[in-house]
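To be precise, the following lines are input-v4.txt, and they hold compact mmCIF, C-alpha atoms.
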```txt
# COMPACT_ATOMS: atom_id res chain seq x y z
CA MET G 1 0.00 0.00 0.00
CA GLU G 2 1.29 3.47 -0.93
CA PRO G 3 2.82 5.45 1.98
CA ILE G 4 0.27 8.25 1.52
CA ILE G 5 -2.57 5.78 2.10
CA ARG G 6 -0.88 4.53 5.27
CA GLU G 7 -0.49 8.12 6.44
CA ILE G 8 -4.16 8.85 5.76
CA ILE G 9 -5.24 5.81 7.77
CA TRP G 10 -2.94 6.80 10.65
CA HIS G 11 -4.44 10.29 10.78
CA LYS G 12 -7.97 8.90 10.47
CA LYS G 13 -7.40 6.76 13.57
CA LEU G 14 -6.30 9.88 15.46
CA GLU G 15 -9.48 11.68 14.33
CA ILE G 16 -11.61 8.78 15.52
CA THR G 17 -9.92 8.77 18.91
CA GLN G 18 -10.63 12.49 19.25
CA ILE G 19 -14.29 12.03 18.27
CA GLN G 20 -14.68 9.23 20.82
CA GLN G 21 -13.11 11.37 23.54
CA GLU G 22 -15.39 14.32 22.77
CA MET G 23 -18.67 12.51 22.07
CA SER G 24 -20.30 9.44 23.56
CA LEU G 25 -22.18 6.95 21.38
CA ALA G 26 -25.41 8.18 22.95
CA SER G 27 -24.65 11.78 21.97
CA LEU G 28 -23.80 10.68 18.42
CA GLN G 29 -27.10 8.82 18.21
CA ARG G 30 -29.01 11.83 19.53
CA GLN G 31 -27.73 13.87 16.58
CA LEU G 32 -29.69 11.59 14.28
CA THR G 33 -33.00 12.97 15.53
CA ALA G 34 -32.43 16.10 13.44
CA ALA G 35 -31.07 14.26 10.40
CA PRO G 36 -33.04 14.44 7.13
CA SER G 37 -34.77 11.26 5.99
CA VAL G 38 -32.70 8.73 4.05
CA ARG G 39 -32.91 8.73 0.25
CA ASP G 40 -32.65 5.42 -1.62
CA PHE G 41 -29.20 5.34 -3.17
CA PHE G 42 -29.59 1.78 -4.52
CA THR G 43 -32.85 2.50 -6.36
CA ALA G 44 -31.49 5.78 -7.74
CA LEU G 45 -28.67 3.82 -9.41
CA GLN G 46 -31.14 1.28 -10.80
CA GLN G 47 -33.70 3.70 -12.18
CA ASN G 48 -31.73 6.58 -13.67
CA ILE G 49 -32.38 6.98 -17.41
CA TYR G 50 -28.65 7.08 -18.15
CA LYS G 51 -26.84 3.76 -18.11
CA PRO G 52 -24.50 3.31 -16.42
CA SER G 53 -25.83 5.76 -13.85
CA LEU G 54 -23.55 8.65 -12.94
CA ILE G 55 -22.40 9.21 -9.37
CA ALA G 56 -20.87 12.66 -9.73
CA GLU G 57 -18.29 13.75 -7.20
CA VAL G 58 -18.00 16.97 -5.24
CA LYS G 59 -14.48 17.60 -3.98
CA ARG G 60 -12.05 20.46 -3.55
CA ILE G 61 -8.87 18.61 -4.53
CA PHE G 62 -8.00 16.51 -7.57
CA SER G 63 -6.96 13.10 -6.25
CA SER G 64 -4.65 12.33 -9.16
CA GLU G 65 -2.74 15.61 -9.01
CA ASN G 66 -3.07 16.80 -5.40
CA ILE G 67 -4.11 20.22 -6.73
CA LEU G 68 -6.72 22.37 -5.03
CA SER G 69 -9.66 23.29 -7.22
CA SER G 70 -9.99 27.05 -7.72
CA ASP G 71 -13.31 28.81 -6.98
CA PHE G 72 -14.66 25.72 -5.23
CA ASP G 73 -18.40 25.90 -4.49
CA ALA G 74 -19.80 22.55 -3.34
CA LEU G 75 -23.45 23.54 -3.73
CA SER G 76 -23.01 25.05 -7.19
CA ILE G 77 -21.21 21.91 -8.37
CA ALA G 78 -23.87 19.62 -6.91
CA LYS G 79 -26.71 21.61 -8.48
CA SER G 80 -24.99 21.41 -11.87
CA TYR G 81 -24.81 17.64 -11.52
CA GLU G 82 -28.47 17.49 -10.53
CA ARG G 83 -29.60 19.55 -13.52
CA THR G 84 -27.67 17.47 -16.04
CA GLY G 85 -28.63 13.90 -15.23
CA ALA G 86 -26.53 12.53 -12.36
CA ALA G 87 -28.26 9.76 -10.41
CA CYS G 88 -26.39 10.37 -7.15
CA ILE G 89 -23.72 12.66 -5.72
CA SER G 90 -20.53 11.69 -3.92
CA VAL G 91 -19.16 14.18 -1.39
CA VAL G 92 -15.60 13.74 -0.15
CA THR G 93 -15.54 14.47 3.58
CA ASP G 94 -11.91 13.83 4.56
CA GLN G 95 -10.57 17.16 5.83
CA LYS G 96 -6.80 16.84 6.22
CA PHE G 97 -5.88 15.31 2.87
CA PHE G 98 -8.83 16.22 0.60
CA HIS G 99 -10.07 19.48 2.18
CA GLY G 100 -13.61 18.11 2.46
CA GLY G 101 -15.95 18.02 5.40
CA PHE G 102 -19.37 17.14 6.74
CA ASP G 103 -20.26 20.82 6.42
CA GLN G 104 -20.02 20.48 2.63
CA LEU G 105 -22.15 17.33 2.69
CA ARG G 106 -24.76 19.03 4.88
CA ILE G 107 -25.02 22.06 2.56
CA VAL G 108 -25.45 19.86 -0.50
CA ARG G 109 -27.97 17.57 1.20
CA HIS G 110 -30.30 20.42 2.14
CA LYS G 111 -30.39 21.96 -1.34
CA VAL G 112 -30.16 19.00 -3.73
CA THR G 113 -32.66 16.17 -4.15
CA LEU G 114 -30.26 13.39 -5.19
CA PRO G 115 -29.01 10.69 -2.79
CA ILE G 116 -25.57 11.40 -1.39
CA LEU G 117 -22.61 9.08 -0.86
CA CYS G 118 -20.22 10.02 1.93
CA LYS G 119 -16.75 9.25 0.57
CA ASP G 120 -14.14 8.95 3.28
CA PHE G 121 -11.80 6.47 4.95
CA VAL G 122 -14.34 4.89 7.28
CA LEU G 123 -12.96 2.74 10.09
CA ASP G 124 -15.41 3.20 12.95
CA PRO G 125 -19.19 3.51 13.50
CA CYS G 126 -18.78 7.02 14.92
CA GLN G 127 -17.94 8.24 11.41
CA ILE G 128 -21.14 6.66 10.09
CA TYR G 129 -23.26 8.40 12.72
CA LEU G 130 -21.68 11.77 11.90
CA ALA G 131 -22.23 11.21 8.18
CA ARG G 132 -25.89 10.27 8.72
CA ALA G 133 -26.41 13.30 10.95
CA ALA G 134 -25.06 15.47 8.12
CA GLY G 135 -27.48 13.86 5.67
CA ALA G 136 -25.55 11.04 4.00
CA ASP G 137 -27.62 8.34 2.33
CA ALA G 138 -24.75 5.93 1.59
CA ILE G 139 -21.29 5.25 2.99
CA LEU G 140 -18.13 4.14 1.20
CA LEU G 141 -16.28 1.22 2.81
CA ILE G 142 -12.81 0.37 1.46
CA ALA G 143 -12.12 -3.36 1.69
CA ALA G 144 -8.34 -2.88 1.51
CA ILE G 145 -8.24 -1.04 4.85
CA LEU G 146 -10.81 -3.17 6.69
CA THR G 147 -11.01 -6.76 7.88
CA ASP G 148 -14.02 -8.90 6.99
CA GLN G 149 -15.28 -8.56 10.55
CA GLN G 150 -14.94 -4.77 10.43
CA ILE G 151 -16.86 -4.63 7.16
CA ASN G 152 -19.62 -6.80 8.62
CA ASN G 153 -19.88 -4.62 11.73
CA LEU G 154 -19.97 -1.39 9.72
CA LEU G 155 -22.53 -2.85 7.31
CA ARG G 156 -24.84 -3.62 10.23
CA VAL G 157 -24.67 -0.02 11.45
CA ILE G 158 -25.18 1.41 7.96
CA HIS G 159 -28.17 -0.81 7.21
CA TYR G 160 -29.64 -0.27 10.70
CA LEU G 161 -29.66 3.46 9.94
CA GLY G 162 -31.48 2.80 6.65
CA MET G 163 -28.52 3.72 4.44
CA ASN G 164 -26.69 1.84 1.71
CA ALA G 165 -23.04 0.83 1.76
CA VAL G 166 -20.77 0.95 -1.27
CA VAL G 167 -17.97 -1.56 -0.65
CA GLU G 168 -14.86 -0.69 -2.67
CA VAL G 169 -12.46 -3.30 -4.07
CA HIS G 170 -9.29 -3.02 -6.15
CA ASN G 171 -8.60 -6.56 -7.34
CA LEU G 172 -10.09 -10.03 -7.68
CA MET G 173 -8.91 -11.16 -4.25
CA GLU G 174 -10.74 -8.28 -2.57
CA LEU G 175 -13.81 -8.83 -4.74
CA ASP G 176 -13.98 -12.49 -3.75
CA ARG G 177 -13.62 -11.48 -0.08
CA VAL G 178 -16.51 -9.05 -0.32
CA ILE G 179 -18.79 -11.34 -2.31
CA ARG G 180 -18.63 -13.87 0.53
CA LEU G 181 -19.87 -11.35 3.11
CA GLU G 182 -23.53 -11.10 4.05
CA ASP G 183 -25.85 -8.35 2.83
CA VAL G 184 -23.48 -6.60 0.41
CA ARG G 185 -25.65 -4.73 -2.07
CA ILE G 186 -23.31 -2.39 -3.98
CA ILE G 187 -19.68 -3.03 -4.89
CA ALA G 188 -17.38 -0.37 -6.35
CA ILE G 189 -14.40 -1.48 -8.42
CA ASN G 190 -11.71 1.17 -8.13
CA ASN G 191 -9.42 1.23 -11.15
CA ARG G 192 -6.76 3.09 -9.15
CA SER G 193 -4.21 0.73 -7.61
CA LEU G 194 -3.39 1.25 -3.94
CA GLU G 195 0.05 -0.16 -4.60
CA ASP G 196 1.29 2.63 -6.89
CA LEU G 197 -1.83 4.81 -7.50
CA THR G 198 -1.80 4.11 -11.25
CA VAL G 199 -5.16 3.91 -13.03
CA ASN G 200 -6.25 1.22 -15.48
CA ILE G 201 -9.94 0.82 -16.41
CA ASN G 202 -9.17 -2.72 -17.53
CA THR G 203 -9.39 -3.59 -13.84
CA THR G 204 -13.17 -3.30 -14.03
CA LEU G 205 -13.34 -5.19 -17.32
CA GLU G 206 -11.25 -8.06 -15.94
CA LEU G 207 -13.17 -8.35 -12.69
CA MET G 208 -16.52 -8.24 -14.46
CA ALA G 209 -15.37 -10.91 -16.93
CA ALA G 210 -14.40 -13.10 -13.98
CA ARG G 211 -17.41 -12.57 -11.69
CA LYS G 212 -20.30 -10.90 -13.56
CA SER G 213 -22.59 -13.94 -13.45
CA HIS G 214 -22.03 -14.41 -9.73
CA LEU G 215 -22.61 -10.72 -8.99
CA HIS G 216 -25.78 -10.75 -11.08
CA ASN G 217 -27.08 -13.85 -9.28
CA LEU G 218 -26.49 -12.16 -5.93
CA GLY G 219 -28.32 -9.01 -7.06
CA ILE G 220 -25.27 -6.85 -6.38
CA LEU G 221 -24.95 -3.56 -8.28
CA VAL G 222 -21.45 -2.75 -9.52
CA VAL G 223 -19.97 0.74 -9.75
CA SER G 224 -16.68 1.54 -11.51
CA GLU G 225 -14.41 4.32 -10.20
CA SER G 226 -11.35 6.17 -11.54
CA GLY G 227 -10.13 6.66 -15.09
CA ILE G 228 -13.57 6.89 -16.71
CA GLU G 229 -13.62 10.08 -18.73
CA THR G 230 -15.58 9.74 -21.99
CA SER G 231 -18.95 8.56 -23.26
CA GLN G 232 -17.05 5.72 -24.93
CA ASP G 233 -15.75 4.65 -21.51
CA LEU G 234 -19.32 4.67 -20.21
CA SER G 235 -20.51 2.51 -23.11
CA LEU G 236 -17.70 0.08 -22.41
CA MET G 237 -18.79 -0.15 -18.78
CA ALA G 238 -22.44 -0.62 -19.73
CA ASN G 239 -21.51 -3.44 -22.08
CA VAL G 240 -19.81 -5.42 -19.29
CA GLY G 241 -22.72 -5.00 -16.88
CA VAL G 242 -21.64 -2.08 -14.70
CA SER G 243 -24.61 -0.27 -13.14
CA GLY G 244 -22.90 2.97 -12.18
CA VAL G 245 -19.74 5.03 -12.59
CA LEU G 246 -18.23 7.42 -10.08
CA ILE G 247 -16.59 10.39 -11.79
CA GLY G 248 -15.06 13.56 -10.41
CA ASP G 249 -11.71 14.87 -11.63
CA CYS G 250 -12.37 14.89 -15.37
CA LEU G 251 -15.62 16.82 -14.92
CA LEU G 252 -14.33 19.29 -12.34
CA ARG G 253 -11.42 20.28 -14.58
CA GLU G 254 -13.83 21.55 -17.25
CA GLU G 255 -14.65 25.26 -17.49
CA ASN G 256 -18.35 24.54 -18.11
CA LEU G 257 -19.34 21.70 -15.81
CA GLU G 258 -22.88 21.27 -17.12
CA ASP G 259 -21.73 21.01 -20.73
CA ALA G 260 -19.12 18.46 -19.66
CA VAL G 261 -21.74 16.25 -17.99
CA LYS G 262 -24.09 16.54 -20.97
CA GLU G 263 -21.29 15.57 -23.35
CA LEU G 264 -20.39 12.62 -21.17
CA LEU G 265 -23.94 11.31 -20.96
CA LYS G 266 -25.16 12.23 -24.44
CA SER G 267 -25.24 8.69 -25.84
CA GLN G 268 -26.12 6.80 -22.66
CA ILE G 269 -29.92 6.97 -22.55
CA TYR G 270 -31.38 3.46 -22.59
CA GLY G 271 -34.76 4.20 -21.08
CA PHE G 272 -36.13 3.68 -17.60
CA GLY G 273 -34.51 0.75 -15.85
CA GLY G 274 -31.64 0.45 -18.35
CA PRO G 275 -30.60 -2.40 -20.57
CA SER G 276 -30.58 -6.04 -19.59
CA TYR G 277 -27.32 -7.93 -19.71
CA LYS G 278 -26.51 -11.51 -20.52
CA SER G 279 -24.63 -13.35 -17.81
```
Structure encoded using structure tokens:
Amino acid sequence: MEPIIREIIWHKKLEITQIQQEMSLASLQRQLTAAPSVRDFFTALQQNIYKPSLIAEVKRIFSSENILSSDFDALSIAKSYERTGAACISVVTDQKFFHGGFDQLRIVRHKVTLPILCKDFVLDPCQIYLARAAGADAILLIAAILTDQQINNLLRVIHYLGMNAVVEVHNLMELDRVIRLEDVRIIAINNRSLEDLTVNINTTLELMAARKSHLHNLGILVVSESGIETSQDLSLMANVGVSGVLIGDCLLREENLEDAVKELLKSQIYGFGGPSYKS
């Protein structure tokens, strides 16, 4: 695993310790009384007219270049996504390394109607409670940084709160680990390697070729992340049975965000419910 990932996890554990020192579980749970109702992230991916459905990302920093986005406005970005056909929105909430935060998620949640994925390095239930209190509808879990038991425990909390979990994998070994767990509903294949941070969209193609039938039989939706930049990439993902794509950097670099999303999705309308795929 890349040193930067190890550093992120180390800092995340410090953050969790601080949260636990400042807030009891009971106080975290009390925050949920003011949380907005949960939106159905799973169904939004299934029923969007564009296939694969777009999960469009709101973030201040480009992950591939470590460059801060200029004139960042989380709400403006999210509204542009909403107007142009995104099924869901991903909000990066890590503060130290990605300059995100639950404040950004909360602002977007109160002004945009789409379900929201909280994208962070989640290790402990306290992070899930804070995300739900801010309005998250789904939580990203990264298999590479969690044991099977940790994933199971976090899944129980997420589903108890009525949310969906998106369990991220990077290779066939991780995919096979996750498939064996109970009640996994959405799997994200990240085309960015945690070993050297290189991106190769063939990762999704290879994993779908190996396990598409099994995933289909289990009713698991598959999302592809990283390196997807064109409508041709989206068509390629649709053809191998991917239900959704998570895209951020390539859209946020564009001067006109709405035009960029329209160009990306222009040839992806299949009608309500999307195409059916052969196993």
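For the pair CA of Thr147 (chain G) and CA of Asp103 (chain G), the separation is 29.1 Å.
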Write out as a PyMOL selection string the residues lying within 9 Å of region 219-235 of chain G, counting all atoms listed in the file and excluding same-chain residues fewer than 5 positions away. chain G and resi 42+45-46+51-53+55+166+168+179+184-192+199-201+204+208+214+240-251+263-268
At what distance in Å, to one decimal, does CA of His99 (chain G) lie from CA of Pro3 (chain G)? 19.1 Å
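Going from CA of Ile145 (chain G) over to CA of Arg6 (chain G), you cover 9.2 Å.
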Counting only C-alpha atoms, which residues come within 12 Å of (-10.7, 5.4, 3.8), with the point read in the file's coordinates, and could you list them as number ranges by chain? G: 4-13, 92-95, 97-98, 118-124, 127, 139-146, 167-169, 194
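Here the question is which of G:Leu25, G:Val108, G:Leu14, G:Ile19 gets nearest to Gly135 (chain G) using all atoms listed in the file, and that residue is G:Val108.
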May I have the residues within 10 Å of Thr43 (chain G) as a list in words, using all atoms listed in the file and disregarding those fewer than 3 positions away in the same chain? Arg39, Asp40, Gln46, Gln47, Asn48, Ala87, Pro115 and Gly273 of chain G
